[in-house]
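Note: the block below is upload-v7.txt and it holds compact mmCIF, C-alpha atoms and all ligand atoms.
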# COMPACT_ATOMS: atom_id res chain seq x y z
CA MET A 1 0.00 0.00 0.00
CA LEU A 2 2.68 2.48 1.01
CA PRO A 3 4.76 2.18 -2.21
CA CYS A 4 1.59 2.90 -4.15
CA PHE A 5 1.01 6.22 -2.31
CA LEU A 6 4.64 7.07 -2.75
CA TRP A 7 4.31 6.49 -6.50
CA LEU A 8 1.17 8.67 -6.66
CA TRP A 9 2.94 11.43 -4.72
CA ILE A 10 5.84 11.37 -7.19
CA VAL A 11 3.47 11.51 -10.19
CA LEU A 12 1.47 14.43 -8.74
CA ARG A 13 4.65 16.27 -7.87
CA GLY A 14 5.82 15.75 -11.45
CA ALA A 15 2.51 17.05 -12.80
CA ASP A 16 2.70 20.37 -11.00
CA SER A 17 6.35 20.84 -11.87
CA PHE A 18 7.73 24.22 -12.88
CA SER A 19 5.23 26.05 -15.05
CA VAL A 20 5.69 29.07 -17.31
CA ARG A 21 2.46 30.93 -18.07
CA VAL A 22 1.89 32.99 -21.22
CA PRO A 23 -1.34 34.31 -22.83
CA PRO A 24 -3.15 31.35 -24.46
CA GLY A 25 -4.57 33.17 -27.50
CA PRO A 26 -2.89 35.39 -30.11
CA VAL A 27 -2.06 38.92 -28.97
CA VAL A 28 -2.77 41.71 -31.48
CA VAL A 29 -0.21 44.52 -31.54
CA ALA A 30 -0.71 47.73 -33.48
CA ARG A 31 1.87 49.08 -35.90
CA GLY A 32 4.51 51.16 -34.13
CA ALA A 33 3.22 50.27 -30.64
CA THR A 34 5.24 48.70 -27.84
CA ALA A 35 4.28 45.02 -27.50
CA LEU A 36 4.12 43.48 -24.05
CA LEU A 37 4.86 39.75 -24.11
CA SER A 38 3.57 38.44 -20.81
CA CYS A 39 5.36 35.54 -19.15
CA GLU A 40 5.06 34.41 -15.54
CA PHE A 41 6.86 31.69 -13.62
CA GLU A 42 7.28 30.42 -10.07
CA PRO A 43 9.88 32.73 -8.49
CA ASP A 44 12.89 31.59 -6.53
CA LEU A 45 14.48 33.71 -3.80
CA ASN A 46 17.89 33.13 -5.30
CA LEU A 47 18.05 35.31 -8.45
CA SER A 48 21.67 34.44 -9.25
CA ASN A 49 20.78 31.24 -11.07
CA LEU A 50 17.80 32.68 -12.96
CA VAL A 51 18.01 32.33 -16.74
CA VAL A 52 15.41 33.98 -18.98
CA ASN A 53 15.57 33.49 -22.73
CA TRP A 54 13.12 35.01 -25.17
CA GLN A 55 13.39 33.46 -28.63
CA ARG A 56 11.50 33.33 -31.91
CA GLN A 57 9.80 29.94 -32.23
CA GLU A 58 10.27 29.72 -36.02
CA ASP A 59 14.07 30.03 -36.21
CA ASP A 60 15.31 30.30 -32.59
CA ARG A 61 16.52 33.88 -33.15
CA VAL A 62 17.42 35.36 -29.75
CA VAL A 63 15.12 38.25 -28.87
CA HIS A 64 16.39 38.89 -25.34
CA SER A 65 18.52 37.02 -22.78
CA PHE A 66 19.08 37.45 -19.06
CA TYR A 67 21.57 35.44 -16.96
CA TYR A 68 24.35 35.99 -14.40
CA GLY A 69 22.02 38.67 -13.00
CA LYS A 70 22.01 40.92 -16.08
CA ASP A 71 20.84 41.38 -19.67
CA GLN A 72 23.09 39.61 -22.18
CA PHE A 73 23.22 41.04 -25.67
CA ASP A 74 26.00 38.95 -27.27
CA ARG A 75 23.66 36.58 -29.06
CA GLN A 76 20.73 38.96 -29.56
CA SER A 77 19.38 39.01 -33.12
CA SER A 78 20.14 42.27 -34.94
CA ASP A 79 16.37 42.62 -35.57
CA TYR A 80 15.83 43.35 -31.89
CA ILE A 81 18.80 45.57 -30.99
CA ASN A 82 17.77 48.50 -28.76
CA ARG A 83 14.12 47.50 -28.92
CA THR A 84 13.63 45.06 -26.04
CA GLN A 85 13.25 45.65 -22.34
CA LEU A 86 12.98 43.28 -19.40
CA ASN A 87 11.90 44.79 -16.10
CA HIS A 88 14.46 43.52 -13.57
CA ASN A 89 12.35 44.50 -10.55
CA GLU A 90 9.62 42.17 -11.78
CA LEU A 91 11.90 39.13 -12.17
CA ALA A 92 11.96 38.49 -8.40
CA LYS A 93 8.13 38.33 -8.50
CA GLY A 94 8.19 35.68 -11.23
CA ASN A 95 7.41 38.08 -14.05
CA ALA A 96 9.62 37.78 -17.14
CA SER A 97 7.39 39.92 -19.37
CA LEU A 98 9.29 41.49 -22.23
CA SER A 99 8.48 44.66 -24.11
CA ILE A 100 9.38 45.17 -27.77
CA ALA A 101 9.25 48.74 -29.04
CA ASN A 102 8.15 49.93 -32.49
CA PHE A 103 6.26 46.81 -33.50
CA GLY A 104 6.22 45.98 -37.23
CA LEU A 105 5.02 43.33 -39.65
CA LYS A 106 8.31 41.38 -39.32
CA ASP A 107 7.75 41.03 -35.56
CA ALA A 108 4.52 39.09 -36.04
CA GLY A 109 4.85 35.40 -35.23
CA LYS A 110 5.56 33.01 -32.37
CA TYR A 111 7.78 33.67 -29.37
CA LYS A 112 9.12 31.34 -26.68
CA CYS A 113 9.70 32.38 -23.09
CA ILE A 114 12.21 29.93 -21.59
CA VAL A 115 12.83 30.23 -17.87
CA SER A 116 15.10 28.29 -15.59
CA ASN A 117 15.82 28.80 -11.87
CA GLY A 118 16.43 26.80 -8.69
CA LYS A 119 12.89 25.41 -8.89
CA GLY A 120 13.07 24.03 -12.40
CA THR A 121 12.97 24.79 -16.11
CA GLY A 122 10.01 25.44 -18.35
CA ASN A 123 8.81 27.34 -21.36
CA GLY A 124 5.71 28.94 -22.83
CA GLU A 125 4.85 29.93 -26.35
CA LEU A 126 2.80 32.91 -27.44
CA GLN A 127 1.73 34.39 -30.73
CA LEU A 128 1.80 38.03 -31.78
CA VAL A 129 -0.36 39.34 -34.62
CA TYR A 130 0.37 42.57 -36.44
CA ALA A 131 -2.38 45.05 -37.33
CA ALA A 132 -2.50 48.66 -38.50
CA PHE A 133 -5.59 50.76 -37.87
CA PHE A 134 -7.10 52.17 -41.03
CA SER A 135 -6.63 55.89 -41.46
CA GLU A 136 -9.67 58.14 -41.70
CA PRO A 137 -11.06 57.42 -45.20
CA ARG A 138 -10.62 60.37 -47.56
CA LEU A 139 -13.73 61.13 -49.61
CA SER A 140 -13.87 62.41 -53.15
CA ILE A 141 -16.89 62.77 -55.44
CA HIS A 142 -16.56 62.91 -59.23
CA LEU A 143 -19.57 64.25 -61.13
CA LYS A 144 -20.06 63.41 -64.77
CA SER A 145 -23.04 64.06 -67.02
CA SER A 146 -23.81 60.32 -67.07
CA ASN A 147 -22.90 59.23 -63.53
CA VAL A 148 -21.49 60.04 -60.11
CA THR A 149 -18.46 58.29 -58.55
CA VAL A 150 -18.07 58.29 -54.78
CA GLN A 151 -14.58 57.23 -53.72
CA TYR A 152 -12.83 56.58 -50.41
CA GLU A 153 -9.07 56.21 -50.02
CA MET A 154 -7.38 54.84 -46.90
CA GLU A 155 -4.49 52.73 -45.65
CA GLY A 156 -4.13 50.02 -42.99
CA TYR A 157 -3.56 46.30 -42.41
CA PRO A 158 -4.77 43.54 -42.90
CA MET A 159 -7.12 43.62 -45.93
CA PRO A 160 -10.49 44.73 -44.60
CA GLU A 161 -13.99 43.78 -45.68
CA ILE A 162 -15.65 46.66 -47.51
CA LEU A 163 -19.40 47.17 -47.88
CA TRP A 164 -21.46 49.83 -49.59
CA GLN A 165 -25.07 49.92 -48.48
CA GLY A 166 -28.16 51.82 -49.51
CA SER A 167 -30.35 53.77 -47.10
CA GLY A 168 -32.43 50.61 -46.53
CA GLY A 169 -29.31 48.62 -45.51
CA GLN A 170 -29.28 46.68 -48.81
CA ASN A 171 -25.86 45.67 -50.17
CA LEU A 172 -24.77 47.62 -53.22
CA THR A 173 -22.58 45.24 -55.18
CA ASP A 174 -21.51 47.64 -57.93
CA HIS A 175 -18.44 49.00 -56.16
CA GLN A 176 -14.80 48.58 -57.12
CA ASP A 177 -12.02 48.00 -54.64
CA GLU A 178 -8.47 48.63 -55.75
CA VAL A 179 -5.29 47.78 -53.85
CA LEU A 180 -2.39 49.97 -54.84
CA SER A 181 1.22 48.93 -54.27
CA ALA A 182 2.11 49.51 -50.65
CA SER A 183 4.52 52.39 -50.24
CA ASP A 184 5.41 50.97 -46.88
CA GLU A 185 5.67 47.38 -45.66
CA GLY A 186 2.73 46.29 -43.55
CA LEU A 187 0.31 48.84 -44.96
CA TYR A 188 -2.27 48.38 -47.74
CA TYR A 189 -3.22 51.44 -49.73
CA LEU A 190 -6.86 51.07 -50.81
CA LYS A 191 -9.35 52.83 -53.02
CA SER A 192 -13.01 51.87 -53.05
CA SER A 193 -15.45 53.49 -55.46
CA TYR A 194 -19.16 53.33 -55.93
CA VAL A 195 -20.60 54.47 -59.25
CA THR A 196 -24.25 55.41 -59.66
CA GLN A 197 -26.47 56.86 -62.34
CA ASN A 198 -28.70 58.41 -59.69
CA SER A 199 -28.27 62.12 -59.22
CA ALA A 200 -29.45 61.88 -55.61
CA PHE A 201 -28.57 59.10 -53.18
CA ASN A 202 -27.85 58.14 -49.56
CA VAL A 203 -25.17 55.44 -49.26
CA THR A 204 -23.11 54.09 -46.34
CA PHE A 205 -19.50 53.01 -46.72
CA THR A 206 -18.41 50.37 -44.16
CA LEU A 207 -14.92 49.04 -43.46
CA ILE A 208 -14.53 46.00 -41.20
CA ASN A 209 -11.18 44.95 -39.77
CA PRO A 210 -10.57 42.61 -36.80
CA GLN A 211 -9.81 45.67 -34.66
CA GLN A 212 -11.93 48.32 -36.30
CA GLU A 213 -15.27 49.13 -37.86
CA LEU A 214 -15.86 52.37 -39.72
CA HIS A 215 -19.14 53.70 -41.11
CA ARG A 216 -19.32 56.80 -43.29
CA HIS A 217 -22.53 58.17 -44.81
CA VAL A 218 -22.57 60.01 -48.12
CA ILE A 219 -25.72 61.87 -48.99
CA LEU A 220 -26.04 63.66 -52.30
CA SER A 221 -29.17 65.67 -52.95
CA TYR A 222 -30.09 68.52 -55.22
CA ASP A 223 -32.57 71.30 -54.83
CA GLU A 224 -35.88 70.16 -56.35
CA ASN A 225 -36.73 73.76 -57.28
CA MET A 226 -33.51 74.33 -59.16
CA ASN A 227 -34.91 73.35 -62.60
CA SER A 228 -38.21 75.21 -62.21
CA GLY A 229 -36.24 78.17 -60.90
CA THR A 230 -34.19 78.21 -64.10
CA SER A 231 -37.41 77.92 -66.12
CA VAL A 232 -38.85 80.93 -64.34
CA VAL A 233 -35.77 82.96 -65.24
CA VAL A 234 -35.89 81.80 -68.87
CA LEU A 235 -39.61 82.48 -69.02
CA SER A 236 -39.15 86.01 -67.61
CA ILE A 237 -36.46 86.75 -70.19
CA LEU A 238 -38.76 85.49 -72.98
CA CYS A 239 -41.65 87.61 -71.70
CA CYS A 240 -39.40 90.63 -71.51
CA LEU A 241 -38.16 90.07 -75.08
CA LEU A 242 -41.73 89.65 -76.31
CA LEU A 243 -42.84 92.82 -74.54
CA CYS A 244 -39.90 94.79 -75.89
CA SER A 245 -40.33 93.59 -79.48
CA THR A 246 -44.09 94.26 -79.33
CA SER A 247 -43.44 97.81 -78.08
CA PHE A 248 -40.82 98.28 -80.76
CA LEU A 249 -43.18 97.05 -83.48
CA LEU A 250 -45.91 99.26 -82.04
CA TRP A 251 -43.55 102.24 -82.07
CA LEU A 252 -42.53 101.48 -85.69
CA TYR A 253 -46.19 101.17 -86.65
CA CYS A 254 -47.09 104.46 -84.93
CA ARG A 255 -44.16 106.27 -86.60
CA ALA A 256 -45.13 104.88 -90.01
CA LYS A 257 -48.71 106.03 -89.46
CA GLN A 258 -47.59 109.55 -88.42
CA LYS A 259 -45.74 110.04 -91.72
C1 LIG A 301 21.51 51.26 -30.17
O1 LIG A 301 21.67 52.34 -29.26
C2 LIG A 301 23.02 52.76 -29.12
C3 LIG A 301 23.05 53.80 -28.03
O2 LIG A 301 21.97 54.65 -28.03
C4 LIG A 301 23.49 53.29 -30.46
O3 LIG A 301 24.83 53.70 -30.36
C5 LIG A 301 23.39 52.20 -31.52
O4 LIG A 301 23.74 52.70 -32.79
C6 LIG A 301 21.98 51.65 -31.57
N1 LIG A 301 21.94 50.51 -32.48
C7 LIG A 301 20.99 50.34 -33.39
C8 LIG A 301 21.12 49.14 -34.26
O5 LIG A 301 20.05 51.11 -33.52
C1 LIG A 302 4.91 42.15 -15.43
O1 LIG A 302 5.83 43.14 -15.81
C2 LIG A 302 5.36 44.03 -16.82
C3 LIG A 302 6.52 44.92 -17.25
O2 LIG A 302 7.08 45.58 -16.20
C4 LIG A 302 4.16 44.79 -16.27
O3 LIG A 302 3.65 45.68 -17.25
C5 LIG A 302 3.06 43.79 -15.87
O4 LIG A 302 1.98 44.47 -15.30
C6 LIG A 302 3.63 42.76 -14.91
N1 LIG A 302 2.63 41.71 -14.69
C7 LIG A 302 2.17 41.40 -13.49
C8 LIG A 302 1.17 40.30 -13.44
O5 LIG A 302 2.51 42.02 -12.49
C1 LIG A 303 -29.62 58.05 -44.93
O1 LIG A 303 -29.74 56.67 -44.63
C2 LIG A 303 -29.55 56.37 -43.26
C3 LIG A 303 -29.67 54.88 -43.08
O2 LIG A 303 -28.70 54.22 -43.80
C4 LIG A 303 -30.59 57.09 -42.40
O3 LIG A 303 -30.32 56.84 -41.03
C5 LIG A 303 -30.48 58.58 -42.68
O4 LIG A 303 -31.50 59.25 -41.96
C6 LIG A 303 -30.63 58.86 -44.16
N1 LIG A 303 -30.44 60.28 -44.38
C7 LIG A 303 -31.20 61.00 -45.22
C8 LIG A 303 -30.89 62.48 -45.28
O5 LIG A 303 -32.08 60.51 -45.87
C1 LIG A 304 -24.26 42.31 -47.08
O1 LIG A 304 -23.08 41.57 -47.32
C2 LIG A 304 -22.40 41.17 -46.13
C3 LIG A 304 -21.13 40.45 -46.49
O2 LIG A 304 -20.88 40.43 -47.86
C4 LIG A 304 -23.28 40.28 -45.29
O3 LIG A 304 -22.63 39.94 -44.09
C5 LIG A 304 -24.57 41.01 -44.96
O4 LIG A 304 -25.45 40.16 -44.27
C6 LIG A 304 -25.25 41.51 -46.25
N1 LIG A 304 -26.40 42.32 -45.86
C7 LIG A 304 -27.59 42.21 -46.47
C8 LIG A 304 -28.67 43.11 -45.97
O5 LIG A 304 -27.78 41.43 -47.39

Take the structure from the file and write it as structure tokens.
Amino acid sequence: MLPCFLWLWIVLRGADSFSVRVPPGPVVVARGATALLSCEFEPDLNLSNLVVNWQRQEDDRVVHSFYYGKDQFDRQSSDYINRTQLNHNELAKGNASLSIANFGLKDAGKYKCIVSNGKGTGNGELQLVYAAFFSEPRLSIHLKSSNVTVQYEMEGYPMPEILWQGSGGQNLTDHQDEVLSASDEGLYYLKSSYVTQNSAFNVTFTLINPQQELHRHVILSYDENMNSGTSVVVLSILCCLLLCSTSFLLWLYCRAKQK
């Protein structure tokens, strides 16, 4: 009986061995922001034998290392020089969270937090996703005699879903989305245009991104009285001409009669 309990005790002890905790799901980081890669472990009072290694999962590039009580930059990948920071005050509390400044598309991917101290060794893996918020869409309207083009231009990342809807919420499928060559890595430059033969309309432009949803309304209307107003002016001019010519004819007639 006793050996059996002993065995169970060993197994349970093995099961709750040194654990390194990282966020389970992907973490979205905005372009240019400082990413915080969370990583927690069971602290040990003796910091001298603490080793923290942050590496890229894909190719084992060294992102940041800490051992012998200080940051070690000898093997750090050139991609991360001057961009990483480990808070030393937090290490004693079991917090090996790393910050990476100026996040870009190349930084997206998987990272490993490998920790070793007097209590054991363990590692956790987390994923970072890159995103860039779409800029405020810039509106332009092109009027032609046959149609009207409503166009929005904007840039961001990743490719968003774009909808154009009528005032009743119905999908307008006759829009064109154009992706222009990115001037900058990690940014799509987009143009979306809606062409209509209607001279008056109320449409809604919608952009949907994992992190963002934009709605912009475009209402084009014209003054109903504009045409009749023009007619009135034309009519007045005609009347005036008629009156003038009649008077002139009358005057000619009178003069002819006087002779
Ligand atoms: C890192 O920072 C140091 C000191 O500010 C600077 O001399 C060095 O050129 C920087 N390296 C890179 C790759 O930016
Ligand atoms: C861990 O350290 C980071 C960086 O200093 C800090 O932002 C974060 O709040 C800490 N996490 C915990 C759970 O204390
Ligand atoms: C335009 O349509 C939206 C619904 O998509 C509605 O809320 C709004 O009142 C309309 N505006 C005009 C001026 O008709
Ligand atoms: C419009 O299209 C989007 C996606 O293409 C869809 O999710 C939505 O339900 C549609 N709306 C209507 C009113 O059909």

Asp59 (chain A) surroundings by only C-alpha atoms, 12 Å radius, close-in-sequence under 6 positions cut, as a count of residues only:
5

Can you work out the spacing between atom N1 of ligand LIG 302 (chain A) and CA of His88 (chain A) in Å, to one decimal?
12.0 Å

Residues within 8 Å of Ser135 (chain A), please, as an mmCIF file with C-alpha atoms, in the frame of the given file. Count all atoms listed in the file; anything in the same chain fewer than 3 positions from it doesn't count.
data_model
loop_
_atom_site.group_PDB
_atom_site.id
_atom_site.type_symbol
_atom_site.label_atom_id
_atom_site.label_comp_id
_atom_site.auth_asym_id
_atom_site.auth_seq_id
_atom_site.Cartn_x
_atom_site.Cartn_y
_atom_site.Cartn_z
ATOM 1 C CA MET A 154 -7.380 54.840 -46.900
ATOM 2 C CA GLU A 155 -4.490 52.730 -45.650
ATOM 3 C CA GLY A 156 -4.130 50.020 -42.990
#

Ligand LIG 301 (chain A): which residues are within 8 Å, counting all atoms listed in the file? Reply as a PyMOL selection string.
chain A and resi 78+81-82

Dump C-alpha atoms for the selected residues as a PDB file, keeping the file's coordinate frame?
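Output file part16.pdb is given in full below:
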ATOM      1  CA  SER A  78      20.140  42.270 -34.940  1.00  0.00           C
ATOM      2  CA  ILE A  81      18.800  45.570 -30.990  1.00  0.00           C
ATOM      3  CA  ASN A  82      17.770  48.500 -28.760  1.00  0.00           C
TER       4      ASN A  82
END

Gap from CA of His142 (chain A) to CA of Tyr194 (chain A) - Å, one decimal
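We find that CA of His142 (chain A) and CA of Tyr194 (chain A) lie 10.5 Å from each other.
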
Residues within 7 Å of Arg31 (chain A), please, as a PyMOL selection string. Count only C-alpha atoms; anything in the same chain fewer than 2 positions from it doesn't count.
chain A and resi 29+33+103-104+130-132

Using only C-alpha atoms and all ligand atoms, find each residue of chain A with at least one atom at most 9 Å away from an atom of ligand LIG 302 (chain A); report its shortest atom-to-atom pair and that distance in Å (one decimal), sort the rows by chain and rising residue number, and return the result as JSON lines.
{"residue": "A:Leu36", "atom": "CA", "partner": "A:LIG302", "partner_atom": "O3", "distance": 7.2}
{"residue": "A:Leu37", "atom": "CA", "partner": "A:LIG302", "partner_atom": "C2", "distance": 8.5}
{"residue": "A:Ser38", "atom": "CA", "partner": "A:LIG302", "partner_atom": "C1", "distance": 6.7}
{"residue": "A:Cys39", "atom": "CA", "partner": "A:LIG302", "partner_atom": "C1", "distance": 7.6}
{"residue": "A:Glu40", "atom": "CA", "partner": "A:LIG302", "partner_atom": "C8", "distance": 7.4}
{"residue": "A:Gln85", "atom": "CA", "partner": "A:LIG302", "partner_atom": "C3", "distance": 8.5}
{"residue": "A:Leu86", "atom": "CA", "partner": "A:LIG302", "partner_atom": "C3", "distance": 7.0}
{"residue": "A:Asn87", "atom": "CA", "partner": "A:LIG302", "partner_atom": "O2", "distance": 4.9}
{"residue": "A:His88", "atom": "CA", "partner": "A:LIG302", "partner_atom": "O2", "distance": 8.1}
{"residue": "A:Asn89", "atom": "CA", "partner": "A:LIG302", "partner_atom": "O2", "distance": 7.8}
{"residue": "A:Glu90", "atom": "CA", "partner": "A:LIG302", "partner_atom": "O1", "distance": 5.6}
{"residue": "A:Leu91", "atom": "CA", "partner": "A:LIG302", "partner_atom": "O1", "distance": 8.1}
{"residue": "A:Lys93", "atom": "CA", "partner": "A:LIG302", "partner_atom": "O5", "distance": 7.8}
{"residue": "A:Gly94", "atom": "CA", "partner": "A:LIG302", "partner_atom": "C1", "distance": 8.4}
{"residue": "A:Asn95", "atom": "CA", "partner": "A:LIG302", "partner_atom": "C1", "distance": 5.0}
{"residue": "A:Ala96", "atom": "CA", "partner": "A:LIG302", "partner_atom": "C1", "distance": 6.6}
{"residue": "A:Ser97", "atom": "CA", "partner": "A:LIG302", "partner_atom": "O1", "distance": 5.0}
{"residue": "A:Leu98", "atom": "CA", "partner": "A:LIG302", "partner_atom": "C3", "distance": 6.7}
{"residue": "A:Ser99", "atom": "CA", "partner": "A:LIG302", "partner_atom": "C3", "distance": 7.1}

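All residues that come within 8 Å of the coordinates (7.1, 24.7, -7.3), counting only C-alpha atoms, are given as A:Asp16, A:Ser17, A:Phe18, A:Glu42, A:Lys119, A:Gly120.
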
Report the distance between CA of Tyr189 (chain A) and atom O2 of ligand LIG 304 (chain A) in Å, rounded to one decimal place.
20.9 Å

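Selection of all polymer residues within 10 Å of ligand LIG 303 (chain A) on the basis of all atoms listed in the file gives Gln165, Gly166, Ser167, Gly168, Gly169, Gln170, Phe201, Asn202, Val203, Thr204, Phe205, His215, Arg216, His217, Val218, Ile219, Leu220 and Ser221 of chain A.
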
Write to file, as a compact mmCIF listing (two decimals), in the coordinates of the input, the residues of the selection just made, with C-alpha atoms.
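Once everything was written out, this is selection-v5.txt:
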# COMPACT_ATOMS: atom_id res chain seq x y z
CA GLN A 165 -25.07 49.92 -48.48
CA GLY A 166 -28.16 51.82 -49.51
CA SER A 167 -30.35 53.77 -47.10
CA GLY A 168 -32.43 50.61 -46.53
CA GLY A 169 -29.31 48.62 -45.51
CA GLN A 170 -29.28 46.68 -48.81
CA PHE A 201 -28.57 59.10 -53.18
CA ASN A 202 -27.85 58.14 -49.56
CA VAL A 203 -25.17 55.44 -49.26
CA THR A 204 -23.11 54.09 -46.34
CA PHE A 205 -19.50 53.01 -46.72
CA HIS A 215 -19.14 53.70 -41.11
CA ARG A 216 -19.32 56.80 -43.29
CA HIS A 217 -22.53 58.17 -44.81
CA VAL A 218 -22.57 60.01 -48.12
CA ILE A 219 -25.72 61.87 -48.99
CA LEU A 220 -26.04 63.66 -52.30
CA SER A 221 -29.17 65.67 -52.95

Using only C-alpha atoms and all ligand atoms, find the one residue out of A:Gln211, A:Thr173, A:Gln197, A:Asn46 that sits nearest to ligand LIG 304 (chain A).
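Of A:Gln211, A:Thr173, A:Gln197, A:Asn46, the one nearest ligand LIG 304 (chain A), counting only C-alpha atoms and all ligand atoms, is A:Thr173.
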
With distances taken over all atoms listed in the file, which residue among A:Lys106, A:Val148, A:Leu214, A:Gly69 lies nearest Leu128 (chain A)?
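Closest candidate: A:Lys106.
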
Quick one: residues within 8 Å of Phe73 (chain A), only C-alpha atoms counted, chain neighbours fewer than 3 positions away excluded, as a PyMOL selection string?
chain A and resi 64-65+76

Mind writing the picked residues with C-alpha atoms as a compact mmCIF listing (two decimals), in the frame of the given file?
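Below is the file that was written, again.txt:
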# COMPACT_ATOMS: atom_id res chain seq x y z
CA HIS A 64 16.39 38.89 -25.34
CA SER A 65 18.52 37.02 -22.78
CA GLN A 76 20.73 38.96 -29.56

Who sits within 8 Å of Val63 (chain A), all atoms listed in the file, same chain under 4 positions skipped, as an MDAnalysis selection string
chainID A and resid 53:56 76:77 80 84

For C-alpha atoms, I'd like the residues from the last selection saved as a compact mmCIF listing (two decimals), in the frame of the given file.
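Writing done, so here's result_5.txt:
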# COMPACT_ATOMS: atom_id res chain seq x y z
CA ASN A 53 15.57 33.49 -22.73
CA TRP A 54 13.12 35.01 -25.17
CA GLN A 55 13.39 33.46 -28.63
CA ARG A 56 11.50 33.33 -31.91
CA GLN A 76 20.73 38.96 -29.56
CA SER A 77 19.38 39.01 -33.12
CA TYR A 80 15.83 43.35 -31.89
CA THR A 84 13.63 45.06 -26.04

Using the atoms already present, construct all heavy atoms for region 50-55 of chain A and hand them back as a PDB file, keeping the file's coordinate frame.
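Result written to rebuild_2.pdb:
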ATOM      1  N   LEU A  50      18.941  32.499 -12.053  1.00  0.00           N
ATOM      2  CA  LEU A  50      17.800  32.680 -12.960  1.00  0.00           C
ATOM      3  C   LEU A  50      18.294  32.904 -14.391  1.00  0.00           C
ATOM      4  O   LEU A  50      19.195  33.716 -14.629  1.00  0.00           O
ATOM      5  CB  LEU A  50      16.954  33.895 -12.521  1.00  0.00           C
ATOM      6  CG  LEU A  50      15.842  34.304 -13.490  1.00  0.00           C
ATOM      7  CD1 LEU A  50      14.742  33.248 -13.551  1.00  0.00           C
ATOM      8  CD2 LEU A  50      15.263  35.648 -13.091  1.00  0.00           C
ATOM      9  N   VAL A  51      17.707  32.151 -15.317  1.00  0.00           N
ATOM     10  CA  VAL A  51      18.010  32.330 -16.740  1.00  0.00           C
ATOM     11  C   VAL A  51      16.697  32.576 -17.470  1.00  0.00           C
ATOM     12  O   VAL A  51      15.761  31.779 -17.341  1.00  0.00           O
ATOM     13  CB  VAL A  51      18.721  31.086 -17.345  1.00  0.00           C
ATOM     14  CG1 VAL A  51      18.965  31.294 -18.849  1.00  0.00           C
ATOM     15  CG2 VAL A  51      20.021  30.782 -16.629  1.00  0.00           C
ATOM     16  N   VAL A  52      16.601  33.694 -18.171  1.00  0.00           N
ATOM     17  CA  VAL A  52      15.410  33.980 -18.980  1.00  0.00           C
ATOM     18  C   VAL A  52      15.869  34.134 -20.427  1.00  0.00           C
ATOM     19  O   VAL A  52      16.798  34.893 -20.702  1.00  0.00           O
ATOM     20  CB  VAL A  52      14.685  35.275 -18.529  1.00  0.00           C
ATOM     21  CG1 VAL A  52      13.541  35.622 -19.479  1.00  0.00           C
ATOM     22  CG2 VAL A  52      14.174  35.139 -17.103  1.00  0.00           C
ATOM     23  N   ASN A  53      15.239  33.406 -21.310  1.00  0.00           N
ATOM     24  CA  ASN A  53      15.570  33.490 -22.730  1.00  0.00           C
ATOM     25  C   ASN A  53      14.306  33.693 -23.528  1.00  0.00           C
ATOM     26  O   ASN A  53      13.406  32.855 -23.474  1.00  0.00           O
ATOM     27  CB  ASN A  53      16.229  32.187 -23.179  1.00  0.00           C
ATOM     28  CG  ASN A  53      17.637  32.416 -23.647  1.00  0.00           C
ATOM     29  OD1 ASN A  53      17.913  33.345 -24.400  1.00  0.00           O
ATOM     30  ND2 ASN A  53      18.523  31.548 -23.185  1.00  0.00           N
ATOM     31  N   TRP A  54      14.241  34.798 -24.244  1.00  0.00           N
ATOM     32  CA  TRP A  54      13.120  35.010 -25.170  1.00  0.00           C
ATOM     33  C   TRP A  54      13.643  34.723 -26.566  1.00  0.00           C
ATOM     34  O   TRP A  54      14.647  35.296 -26.983  1.00  0.00           O
ATOM     35  CB  TRP A  54      12.624  36.453 -25.086  1.00  0.00           C
ATOM     36  CG  TRP A  54      11.644  36.709 -23.993  1.00  0.00           C
ATOM     37  CD1 TRP A  54      11.904  37.240 -22.764  1.00  0.00           C
ATOM     38  CD2 TRP A  54      10.232  36.460 -24.036  1.00  0.00           C
ATOM     39  NE1 TRP A  54      10.749  37.337 -22.036  1.00  0.00           N
ATOM     40  CE2 TRP A  54       9.699  36.860 -22.793  1.00  0.00           C
ATOM     41  CE3 TRP A  54       9.366  35.921 -24.993  1.00  0.00           C
ATOM     42  CZ2 TRP A  54       8.340  36.758 -22.489  1.00  0.00           C
ATOM     43  CZ3 TRP A  54       8.009  35.819 -24.687  1.00  0.00           C
ATOM     44  CH2 TRP A  54       7.510  36.236 -23.446  1.00  0.00           C
ATOM     45  N   GLN A  55      12.947  33.825 -27.281  1.00  0.00           N
ATOM     46  CA  GLN A  55      13.390  33.460 -28.630  1.00  0.00           C
ATOM     47  C   GLN A  55      12.215  33.408 -29.582  1.00  0.00           C
ATOM     48  O   GLN A  55      11.073  33.209 -29.157  1.00  0.00           O
ATOM     49  CB  GLN A  55      14.045  32.059 -28.621  1.00  0.00           C
ATOM     50  CG  GLN A  55      15.366  32.032 -27.901  1.00  0.00           C
ATOM     51  CD  GLN A  55      16.006  30.648 -27.936  1.00  0.00           C
ATOM     52  OE1 GLN A  55      15.425  29.686 -28.436  1.00  0.00           O
ATOM     53  NE2 GLN A  55      17.195  30.555 -27.408  1.00  0.00           N
TER      54      GLN A  55
END
